[in-house]
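Trainee: Just one file: protein_17.txt, with compact mmCIF, C-alpha atoms.
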# COMPACT_ATOMS: atom_id res chain seq x y z
CA MET L 144 17.50 -1.39 9.09
CA PRO L 145 18.00 -4.71 10.90
CA GLU L 146 14.95 -6.72 11.94
CA ALA L 147 16.06 -6.50 15.58
CA ASP L 148 15.41 -2.76 15.57
CA PHE L 149 11.66 -3.43 15.95
CA GLU L 150 9.88 -5.61 18.46
CA THR L 151 6.43 -5.52 16.85
CA LEU L 152 7.44 -5.62 13.18
CA ARG L 153 9.53 -7.69 10.81
CA VAL L 154 11.07 -6.03 7.77
CA GLU L 155 12.61 -7.84 4.82
CA ARG L 156 14.20 -6.14 1.85
CA ARG L 157 14.47 -8.12 -1.38
CA ASP L 158 16.92 -7.63 -4.23
CA SER L 159 13.96 -6.91 -6.54
CA GLY L 160 13.33 -3.63 -4.73
CA VAL L 161 10.35 -4.98 -2.77
CA ALA L 162 10.15 -4.52 0.99
CA LEU L 163 7.96 -6.90 3.00
CA LEU L 164 6.69 -5.38 6.26
CA THR L 165 4.99 -7.81 8.66
CA LEU L 166 3.02 -6.88 11.77
CA ASN L 167 4.43 -9.27 14.35
CA ARG L 168 2.18 -9.60 17.40
CA PRO L 169 0.56 -12.97 16.61
CA SER L 170 -0.37 -13.74 20.23
CA VAL L 171 -2.80 -10.79 20.20
CA ALA L 172 -3.93 -11.03 16.55
CA ASN L 173 -1.43 -8.34 15.47
CA THR L 174 -3.53 -5.67 17.18
CA ILE L 175 -2.29 -2.09 17.16
CA SER L 176 -0.61 -0.95 20.37
CA ALA L 177 1.11 2.36 21.05
CA GLN L 178 4.44 0.62 20.54
CA LEU L 179 3.39 -0.86 17.20
CA SER L 180 2.11 2.55 16.08
CA ARG L 181 5.41 4.22 16.95
CA GLU L 182 7.50 1.49 15.34
CA LEU L 183 5.35 1.40 12.21
CA PHE L 184 5.65 5.16 11.73
CA ASP L 185 9.44 5.07 12.28
CA CYS L 186 9.83 2.10 9.95
CA LEU L 187 7.87 3.82 7.18
CA GLN L 188 10.07 6.91 7.46
CA LEU L 189 13.16 4.75 7.00
CA LEU L 190 11.65 3.00 4.01
CA ARG L 191 10.66 6.35 2.46
CA ARG L 192 14.30 7.44 2.55
CA ASP L 193 15.62 4.21 1.02
CA PRO L 194 16.07 4.69 -2.75
CA GLU L 195 16.31 0.91 -3.25
CA VAL L 196 12.73 0.34 -2.08
CA ARG L 197 10.41 0.54 -5.08
CA ALA L 198 7.32 -1.24 -3.72
CA LEU L 199 6.02 -2.26 -0.30
CA VAL L 200 3.95 -5.25 0.82
CA VAL L 201 2.26 -5.15 4.25
CA THR L 202 0.95 -8.29 5.98
CA GLY L 203 0.56 -9.93 9.38
CA THR L 204 2.13 -12.87 11.16
CA GLY L 205 0.04 -16.01 11.66
CA ARG L 206 -3.70 -16.24 11.03
CA HIS L 207 -4.50 -12.52 11.25
CA PHE L 208 -3.66 -9.43 9.26
CA CYS L 209 -4.65 -7.10 12.10
CA ALA L 210 -7.68 -7.35 14.38
CA GLY L 211 -7.75 -3.63 15.18
CA ALA L 212 -6.71 -1.62 18.21
CA ASP L 213 -5.22 -3.35 21.23
CA LEU L 214 -7.80 -2.46 23.89
CA ARG L 215 -5.60 -4.06 26.56
CA ASP L 216 -2.55 -1.99 25.67
CA PRO L 217 -0.92 -0.83 28.94
CA GLU L 218 -0.39 2.56 27.28
CA ARG L 219 -3.99 2.98 26.20
CA ASP L 220 -4.70 5.72 28.74
CA ILE L 221 -1.75 7.92 27.75
CA PRO L 222 -2.62 11.27 26.10
CA GLY L 223 -2.52 10.99 22.31
CA TRP L 224 -2.91 7.18 22.16
CA GLN L 225 -5.32 7.40 19.23
CA ASP L 226 -3.17 10.02 17.51
CA LEU L 227 -0.27 7.54 17.43
CA GLY L 228 -2.41 5.12 15.43
CA ARG L 229 -3.61 7.86 13.11
CA ARG L 230 -0.04 8.97 12.46
CA ALA L 231 0.99 5.41 11.56
CA VAL L 232 -1.98 4.84 9.22
CA ASP L 233 -1.53 8.23 7.55
CA GLY L 234 2.19 7.49 7.18
CA LEU L 235 1.33 4.34 5.27
CA ALA L 236 -1.07 6.26 3.00
CA ALA L 237 1.65 8.87 2.35
CA MET L 238 4.21 6.39 1.02
CA LYS L 239 5.40 7.42 -2.43
CA VAL L 240 6.01 3.86 -3.61
CA PRO L 241 3.09 1.52 -4.42
CA VAL L 242 1.85 -0.28 -1.29
CA ILE L 243 0.04 -3.63 -1.40
CA ALA L 244 -1.83 -5.11 1.57
CA ALA L 245 -1.57 -8.91 1.74
CA ILE L 246 -4.58 -9.64 3.95
CA ASN L 247 -3.78 -13.10 5.27
CA GLY L 248 -6.68 -13.25 7.74
CA THR L 249 -8.81 -11.03 9.96
CA ALA L 250 -8.71 -7.31 9.11
CA LEU L 251 -11.08 -5.52 11.45
CA GLY L 252 -11.34 -1.95 12.73
CA GLY L 253 -7.89 -0.38 12.69
CA GLY L 254 -6.63 -3.40 10.75
CA LEU L 255 -8.96 -2.63 7.86
CA GLU L 256 -7.99 1.04 8.15
CA LEU L 257 -4.37 -0.01 7.62
CA ALA L 258 -5.41 -1.99 4.55
CA LEU L 259 -7.44 0.94 3.23
CA ALA L 260 -4.33 3.13 3.49
CA CYS L 261 -2.65 0.80 0.96
CA ASP L 262 -3.06 1.19 -2.79
CA ILE L 263 -3.98 -2.43 -3.55
CA ARG L 264 -5.56 -5.09 -1.32
CA ILE L 265 -5.12 -8.82 -1.90
CA ALA L 266 -7.08 -10.96 0.56
CA GLU L 267 -7.18 -14.70 1.13
CA THR L 268 -10.62 -16.23 0.69
CA GLY L 269 -10.90 -17.04 4.38
CA ALA L 270 -10.23 -13.47 5.50
CA LYS L 271 -12.87 -11.41 7.30
CA LEU L 272 -13.02 -7.64 6.83
CA GLY L 273 -15.05 -5.03 8.62
CA LEU L 274 -15.36 -1.86 10.69
CA PRO L 275 -17.30 -3.06 13.76
CA GLU L 276 -16.68 0.00 15.94
CA ILE L 277 -20.31 1.19 15.88
CA LYS L 278 -21.31 -1.91 17.85
CA PHE L 279 -19.31 -0.51 20.76
CA GLY L 280 -20.57 3.05 20.48
CA ALA L 281 -17.56 4.24 18.49
CA LEU L 282 -16.57 4.94 14.88
CA PRO L 283 -13.41 4.21 12.89
CA GLY L 284 -10.91 6.79 14.09
CA ALA L 285 -8.01 6.59 11.64
CA GLY L 286 -9.50 7.65 8.32
CA GLY L 287 -11.61 4.55 7.75
CA LEU L 288 -14.83 6.40 6.93
CA SER L 289 -13.33 8.59 4.22
CA ARG L 290 -11.03 5.97 2.74
CA LEU L 291 -13.73 3.28 2.63
CA GLN L 292 -16.11 5.70 0.90
CA ALA L 293 -13.41 6.60 -1.62
CA VAL L 294 -12.82 2.92 -2.41
CA ILE L 295 -16.36 1.47 -2.57
CA GLY L 296 -18.67 4.49 -2.72
CA ALA L 297 -20.84 6.21 -0.15
CA SER L 298 -23.82 3.84 -0.11
CA ALA L 299 -21.83 0.62 0.27
CA ALA L 300 -19.50 2.23 2.81
CA MET L 301 -22.42 3.50 4.90
CA THR L 302 -24.00 0.05 4.88
CA LEU L 303 -20.85 -1.57 6.23
CA VAL L 304 -20.19 1.10 8.83
CA LEU L 305 -23.76 1.42 10.13
CA SER L 306 -24.29 -2.35 10.36
CA GLY L 307 -20.83 -3.04 11.76
CA ARG L 308 -20.86 -6.40 10.01
CA SER L 309 -17.89 -8.30 8.65
CA ILE L 310 -17.68 -9.51 5.07
CA SER L 311 -15.68 -12.18 3.28
CA ALA L 312 -12.85 -11.51 0.87
CA THR L 313 -15.11 -12.65 -1.97
CA GLU L 314 -17.79 -10.13 -1.06
CA GLY L 315 -15.07 -7.53 -0.58
CA GLU L 316 -13.87 -8.23 -4.11
CA ARG L 317 -17.40 -7.77 -5.44
CA LEU L 318 -17.64 -4.38 -3.70
CA GLY L 319 -14.19 -3.27 -4.88
CA LEU L 320 -12.77 -3.23 -1.36
CA VAL L 321 -10.55 -6.19 -2.24
CA THR L 322 -8.58 -5.95 -5.46
CA LEU L 323 -8.12 -9.71 -5.68
CA ALA L 324 -9.38 -12.59 -3.53
CA SER L 325 -6.63 -15.22 -3.56
CA ALA L 326 -6.48 -18.84 -2.49
CA GLN L 327 -5.94 -19.65 1.16
CA ALA L 328 -2.35 -19.07 2.37
CA SER L 329 -1.35 -17.29 -0.86
CA ALA L 330 -1.97 -13.59 -0.24
CA VAL L 331 1.65 -12.75 0.58
CA GLU L 332 3.05 -14.72 -2.36
CA THR L 333 0.53 -13.13 -4.75
CA ALA L 334 1.23 -9.66 -3.39
CA VAL L 335 5.00 -10.06 -3.64
CA VAL L 336 4.77 -11.26 -7.25
CA LEU L 337 2.69 -8.20 -8.14
CA ALA L 338 5.01 -5.91 -6.16
CA GLU L 339 8.03 -7.30 -8.00
CA GLU L 340 6.31 -6.63 -11.31
CA VAL L 341 5.50 -3.07 -10.24
CA SER L 342 9.03 -2.52 -8.91
CA GLN L 343 10.41 -3.02 -12.42
CA MET L 344 8.54 0.03 -13.67
CA PRO L 345 10.22 3.48 -13.65
CA SER L 346 9.95 4.80 -10.11
CA TYR L 347 9.13 8.34 -11.27
CA ALA L 348 6.17 6.97 -13.24
CA THR L 349 4.70 4.91 -10.38
CA ARG L 350 5.21 7.84 -8.02
CA THR L 351 3.42 10.22 -10.40
CA ALA L 352 0.55 7.79 -10.97
CA LYS L 353 -0.05 7.71 -7.21
CA LEU L 354 -0.02 11.51 -7.06
CA VAL L 355 -2.54 11.78 -9.88
CA PHE L 356 -4.93 9.30 -8.28
CA ARG L 357 -4.57 10.99 -4.89
CA HIS L 358 -5.13 14.54 -6.13
CA THR L 359 -8.01 13.75 -8.48
CA LEU L 360 -10.00 11.34 -6.32
CA GLY L 361 -13.71 12.05 -6.39
CA GLN L 362 -13.46 15.04 -8.68
CA ALA L 363 -15.02 15.48 -12.11
CA PRO L 364 -12.62 14.54 -14.94
CA ASP L 365 -12.84 17.95 -16.60
CA ALA L 366 -11.84 19.67 -13.35
CA VAL L 367 -8.68 17.63 -12.82
CA MET L 368 -7.21 17.24 -16.30
CA ALA L 369 -4.87 20.21 -15.84
CA VAL L 370 -3.53 18.68 -12.63
CA GLU L 371 -3.10 15.28 -14.26
CA TYR L 372 -1.42 16.66 -17.37
CA GLY L 373 0.92 18.86 -15.33
CA LEU L 374 2.05 16.04 -13.04
CA ILE L 375 2.65 13.65 -15.93
CA ASP L 376 4.47 16.21 -18.09
CA ARG L 377 6.89 17.07 -15.26
CA MET L 378 7.40 13.62 -13.78
CA ALA L 379 10.89 13.10 -15.25
CA THR L 380 13.59 14.74 -17.30
CA PRO L 381 13.97 13.75 -20.97
CA GLU L 382 17.17 11.91 -20.03
CA GLU L 383 15.38 9.88 -17.35
CA LYS L 384 12.57 8.98 -19.73
CA ARG L 385 15.02 7.95 -22.44
CA ALA L 386 17.00 5.78 -20.04
CA GLU L 387 13.83 3.97 -18.99
CA GLU L 388 12.78 3.45 -22.62
CA LEU L 389 16.08 1.76 -23.35
CA ARG L 390 15.83 -0.29 -20.16
CA ALA L 391 12.31 -1.42 -21.09
CA ALA L 392 13.40 -2.29 -24.62
CA ARG L 393 16.08 -4.60 -23.30
CA ARG L 394 13.74 -6.20 -20.74
CA ASP L 395 10.50 -6.65 -22.69
CA PRO L 396 10.59 -8.59 -26.01
CA VAL L 397 7.33 -7.02 -27.25
CA TYR L 398 8.48 -3.51 -26.37
CA LYS L 399 11.88 -4.28 -27.93
CA ARG L 400 10.28 -5.19 -31.25
CA ILE L 401 8.15 -2.03 -31.28
CA PHE L 402 11.05 0.12 -30.16
CA ALA L 403 13.31 -1.29 -32.89
CA GLU L 404 10.80 -0.28 -35.56
CA SER L 405 11.78 3.35 -34.96
CA PRO L 406 14.88 4.12 -37.09
CA ALA L 407 15.84 7.05 -34.87
CA ALA L 408 15.59 4.91 -31.76
CA ALA L 409 17.67 2.16 -33.31
CA VAL L 410 20.42 4.62 -34.25
CA THR L 411 20.47 6.14 -30.75
CA GLU L 412 20.57 2.72 -29.06
CA SER L 413 23.46 1.57 -31.23
CA ARG L 414 25.70 4.47 -30.12
Would you mind writing the structure in this file as structure tokens?
Mentor:
Amino acid sequence: MPEADFETLRVERRDSGVALLTLNRPSVANTISAQLSRELFDCLQLLRRDPEVRALVVTGTGRHFCAGADLRDPERDIPGWQDLGRRAVDGLAAMKVPVIAAINGTALGGGLELALACDIRIAETGAKLGLPEIKFGALPGAGGLSRLQAVIGASAAMTLVLSGRSISATEGERLGLVTLASAQASAVETAVVLAEEVSQMPSYATRTAKLVFRHTLGQAPDAVMAVEYGLIDRMATPEEKRAEELRAARRDPVYKRIFAESPAAAVTESR
């Protein structure tokens, strides 16, 4: 998937299994146009089908992550303009691999909705985050209400949405909207390091963890245990689990020591 295939995105695959996807419209604060929506959806489908991609980092070029919808988009009046954005955001949320947002600057409106569709959000201390749509007689239109409530709770989400105000990365971290507030100009580096760590984990386990969180969100623990147990018990064959145990034992000194304490495991590994 060469970079030249997309005009509004840059895509970099790393040997570690991490893909870095960068919104690339810096002259307009990486705002979401119809073209960006189409290219983002198509790019995500390609990444979904790539078995070498084990984690994804999403960021923006320049001083902004994404400042929301491009209200000057020449295609704004076409039928289904908003649906294109929704499809792109939902496509990001549907990724099976872990997705980390590296919020390198402004993340407003649709930009914050993109970040909310990710599993983890790392934001630089100078970043501003918010859903200001209510100031213009609108509301977030790509899942922002539901996803924000799921992340920070109904009361905090309602306060942000009804006031339309922007908050800092530090305040976002306090609310749980931001997983980690990082030093200026370090969000991408921090996110990639975490993504590389995650990419070393068994892909069937990270995939199943995402499914469990997604299917049990907001439900009482007693009501979802059967779902959680079923997903975990069927996430891999015994052979796949055994292969990953051996791989982890070779990679992790602490795990190797524990693993070696099992006589049966030691005999099997020596074969």
Trainee: Hey, what's within 9 Å of Leu187 in chain L if we count only C-alpha atoms and toss same-chain stuff fewer than 5 positions away? As a PDB file with C-alpha atoms, keeping the file's coordinate frame, please?
Mentor:
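Resulting contents of result_8.pdb:
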ATOM      1  CA  GLU L 182       7.500   1.490  15.340  1.00  0.00           C
ATOM      2  CA  ARG L 192      14.300   7.440   2.550  1.00  0.00           C
ATOM      3  CA  ALA L 231       0.990   5.410  11.560  1.00  0.00           C
ATOM      4  CA  GLY L 234       2.190   7.490   7.180  1.00  0.00           C
ATOM      5  CA  LEU L 235       1.330   4.340   5.270  1.00  0.00           C
ATOM      6  CA  MET L 238       4.210   6.390   1.020  1.00  0.00           C
TER       7      MET L 238
END
Trainee: Where does range 250-300 of chain L meet range 212-223 of chain L within 8 Å, residue by residue, with the nearest atom pair and distance in Å to one decimal for each, counting all atoms listed in the file, listed by chain and rising number, as CSV?
Mentor:
residue,atom,partner,partner_atom,distance
L:Gly252,CA,L:Ala212,CA,7.2
L:Gly253,CA,L:Ala212,CA,5.8
L:Gly254,CA,L:Ala212,CA,7.7
Trainee: Find the residues near Ala236 in chain L: any atom within 10 Å, counting all atoms listed in the file, skip ones fewer than 3 places away on the same chain, and give them as a PDB file with C-alpha atoms, in the frame of the given file.
Mentor:
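Now in selection-v7.pdb:
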ATOM      1  CA  ARG L 230      -0.040   8.970  12.460  1.00  0.00           C
ATOM      2  CA  ALA L 231       0.990   5.410  11.560  1.00  0.00           C
ATOM      3  CA  VAL L 232      -1.980   4.840   9.220  1.00  0.00           C
ATOM      4  CA  ASP L 233      -1.530   8.230   7.550  1.00  0.00           C
ATOM      5  CA  LYS L 239       5.400   7.420  -2.430  1.00  0.00           C
ATOM      6  CA  VAL L 240       6.010   3.860  -3.610  1.00  0.00           C
ATOM      7  CA  PRO L 241       3.090   1.520  -4.420  1.00  0.00           C
ATOM      8  CA  VAL L 242       1.850  -0.280  -1.290  1.00  0.00           C
ATOM      9  CA  LEU L 257      -4.370  -0.010   7.620  1.00  0.00           C
ATOM     10  CA  ALA L 258      -5.410  -1.990   4.550  1.00  0.00           C
ATOM     11  CA  LEU L 259      -7.440   0.940   3.230  1.00  0.00           C
ATOM     12  CA  ALA L 260      -4.330   3.130   3.490  1.00  0.00           C
ATOM     13  CA  CYS L 261      -2.650   0.800   0.960  1.00  0.00           C
ATOM     14  CA  ASP L 262      -3.060   1.190  -2.790  1.00  0.00           C
ATOM     15  CA  ARG L 290     -11.030   5.970   2.740  1.00  0.00           C
ATOM     16  CA  ARG L 357      -4.570  10.990  -4.890  1.00  0.00           C
TER      17      ARG L 357
END
Trainee: Rank nothing, just name the residue among L:Leu305, L:Val335, L:Leu291, L:Leu282 nearest to Leu164 in chain L, using all atoms listed in the file.
Mentor: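 Comparing L:Leu305, L:Val335, L:Leu291, L:Leu282 against Leu164 in chain L, the winner is L:Val335.
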Trainee: Just the number, please: distance in Å from CA of Ser342 in chain L to CA of Ala250 in chain L, one decimal.
Mentor: 25.7 Å
Trainee: If you measure from CA of Leu337 in chain L to CA of Val161 in chain L, what distance in Å do you get, rounded to one decimal?
Mentor: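 About the pair CA of Leu337 in chain L and CA of Val161 in chain L: they are 9.9 Å apart.
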Trainee: Please complete range 302-324 of chain L so it has N, CA and C atoms, and hand it over as a PDB file, keeping the file's coordinate frame.
Mentor:
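This went into out_1.pdb:
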ATOM      1  N   THR L 302     -23.382   1.313   4.481  1.00  0.00           N
ATOM      2  CA  THR L 302     -24.000   0.050   4.880  1.00  0.00           C
ATOM      3  C   THR L 302     -23.077  -0.749   5.786  1.00  0.00           C
ATOM      4  N   LEU L 303     -21.803  -0.824   5.415  1.00  0.00           N
ATOM      5  CA  LEU L 303     -20.850  -1.570   6.230  1.00  0.00           C
ATOM      6  C   LEU L 303     -20.630  -0.913   7.577  1.00  0.00           C
ATOM      7  N   VAL L 304     -20.487   0.392   7.587  1.00  0.00           N
ATOM      8  CA  VAL L 304     -20.190   1.100   8.830  1.00  0.00           C
ATOM      9  C   VAL L 304     -21.379   1.070   9.778  1.00  0.00           C
ATOM     10  N   LEU L 305     -22.582   1.342   9.270  1.00  0.00           N
ATOM     11  CA  LEU L 305     -23.760   1.420  10.130  1.00  0.00           C
ATOM     12  C   LEU L 305     -24.186   0.054  10.659  1.00  0.00           C
ATOM     13  N   SER L 306     -23.940  -1.004   9.897  1.00  0.00           N
ATOM     14  CA  SER L 306     -24.290  -2.350  10.360  1.00  0.00           C
ATOM     15  C   SER L 306     -23.193  -2.949  11.226  1.00  0.00           C
ATOM     16  N   GLY L 307     -21.951  -2.493  11.022  1.00  0.00           N
ATOM     17  CA  GLY L 307     -20.830  -3.040  11.760  1.00  0.00           C
ATOM     18  C   GLY L 307     -20.500  -4.472  11.416  1.00  0.00           C
ATOM     19  N   ARG L 308     -21.064  -4.986  10.322  1.00  0.00           N
ATOM     20  CA  ARG L 308     -20.860  -6.400  10.010  1.00  0.00           C
ATOM     21  C   ARG L 308     -19.545  -6.644   9.287  1.00  0.00           C
ATOM     22  N   SER L 309     -19.103  -7.884   9.349  1.00  0.00           N
ATOM     23  CA  SER L 309     -17.890  -8.300   8.650  1.00  0.00           C
ATOM     24  C   SER L 309     -18.283  -8.988   7.346  1.00  0.00           C
ATOM     25  N   ILE L 310     -17.423  -8.876   6.363  1.00  0.00           N
ATOM     26  CA  ILE L 310     -17.680  -9.510   5.070  1.00  0.00           C
ATOM     27  C   ILE L 310     -16.497 -10.387   4.688  1.00  0.00           C
ATOM     28  N   SER L 311     -16.737 -11.297   3.770  1.00  0.00           N
ATOM     29  CA  SER L 311     -15.680 -12.180   3.280  1.00  0.00           C
ATOM     30  C   SER L 311     -14.847 -11.467   2.227  1.00  0.00           C
ATOM     31  N   ALA L 312     -13.698 -12.071   1.922  1.00  0.00           N
ATOM     32  CA  ALA L 312     -12.850 -11.510   0.870  1.00  0.00           C
ATOM     33  C   ALA L 312     -13.567 -11.523  -0.474  1.00  0.00           C
ATOM     34  N   THR L 313     -14.375 -12.558  -0.707  1.00  0.00           N
ATOM     35  CA  THR L 313     -15.110 -12.650  -1.970  1.00  0.00           C
ATOM     36  C   THR L 313     -16.120 -11.522  -2.108  1.00  0.00           C
ATOM     37  N   GLU L 314     -16.851 -11.247  -1.022  1.00  0.00           N
ATOM     38  CA  GLU L 314     -17.790 -10.130  -1.060  1.00  0.00           C
ATOM     39  C   GLU L 314     -17.043  -8.804  -1.165  1.00  0.00           C
ATOM     40  N   GLY L 315     -15.891  -8.722  -0.479  1.00  0.00           N
ATOM     41  CA  GLY L 315     -15.070  -7.530  -0.580  1.00  0.00           C
ATOM     42  C   GLY L 315     -14.598  -7.282  -2.001  1.00  0.00           C
ATOM     43  N   GLU L 316     -14.283  -8.357  -2.707  1.00  0.00           N
ATOM     44  CA  GLU L 316     -13.870  -8.230  -4.110  1.00  0.00           C
ATOM     45  C   GLU L 316     -15.037  -7.722  -4.958  1.00  0.00           C
ATOM     46  N   ARG L 317     -16.222  -8.217  -4.686  1.00  0.00           N
ATOM     47  CA  ARG L 317     -17.400  -7.770  -5.440  1.00  0.00           C
ATOM     48  C   ARG L 317     -17.652  -6.280  -5.235  1.00  0.00           C
ATOM     49  N   LEU L 318     -17.418  -5.797  -4.006  1.00  0.00           N
ATOM     50  CA  LEU L 318     -17.640  -4.380  -3.700  1.00  0.00           C
ATOM     51  C   LEU L 318     -16.508  -3.482  -4.201  1.00  0.00           C
ATOM     52  N   GLY L 319     -15.347  -4.072  -4.503  1.00  0.00           N
ATOM     53  CA  GLY L 319     -14.190  -3.270  -4.880  1.00  0.00           C
ATOM     54  C   GLY L 319     -13.276  -2.951  -3.715  1.00  0.00           C
ATOM     55  N   LEU L 320     -13.633  -3.430  -2.522  1.00  0.00           N
ATOM     56  CA  LEU L 320     -12.770  -3.230  -1.360  1.00  0.00           C
ATOM     57  C   LEU L 320     -11.514  -4.071  -1.473  1.00  0.00           C
ATOM     58  N   VAL L 321     -11.661  -5.276  -1.998  1.00  0.00           N
ATOM     59  CA  VAL L 321     -10.550  -6.190  -2.240  1.00  0.00           C
ATOM     60  C   VAL L 321     -10.231  -6.189  -3.725  1.00  0.00           C
ATOM     61  N   THR L 322      -8.983  -5.954  -4.055  1.00  0.00           N
ATOM     62  CA  THR L 322      -8.580  -5.950  -5.460  1.00  0.00           C
ATOM     63  C   THR L 322      -8.618  -7.347  -6.042  1.00  0.00           C
ATOM     64  N   LEU L 323      -8.170  -8.322  -5.240  1.00  0.00           N
ATOM     65  CA  LEU L 323      -8.120  -9.710  -5.680  1.00  0.00           C
ATOM     66  C   LEU L 323      -8.280 -10.619  -4.486  1.00  0.00           C
ATOM     67  N   ALA L 324      -9.229 -11.558  -4.552  1.00  0.00           N
ATOM     68  CA  ALA L 324      -9.380 -12.590  -3.530  1.00  0.00           C
ATOM     69  C   ALA L 324      -8.552 -13.794  -3.979  1.00  0.00           C
TER      70      ALA L 324
END
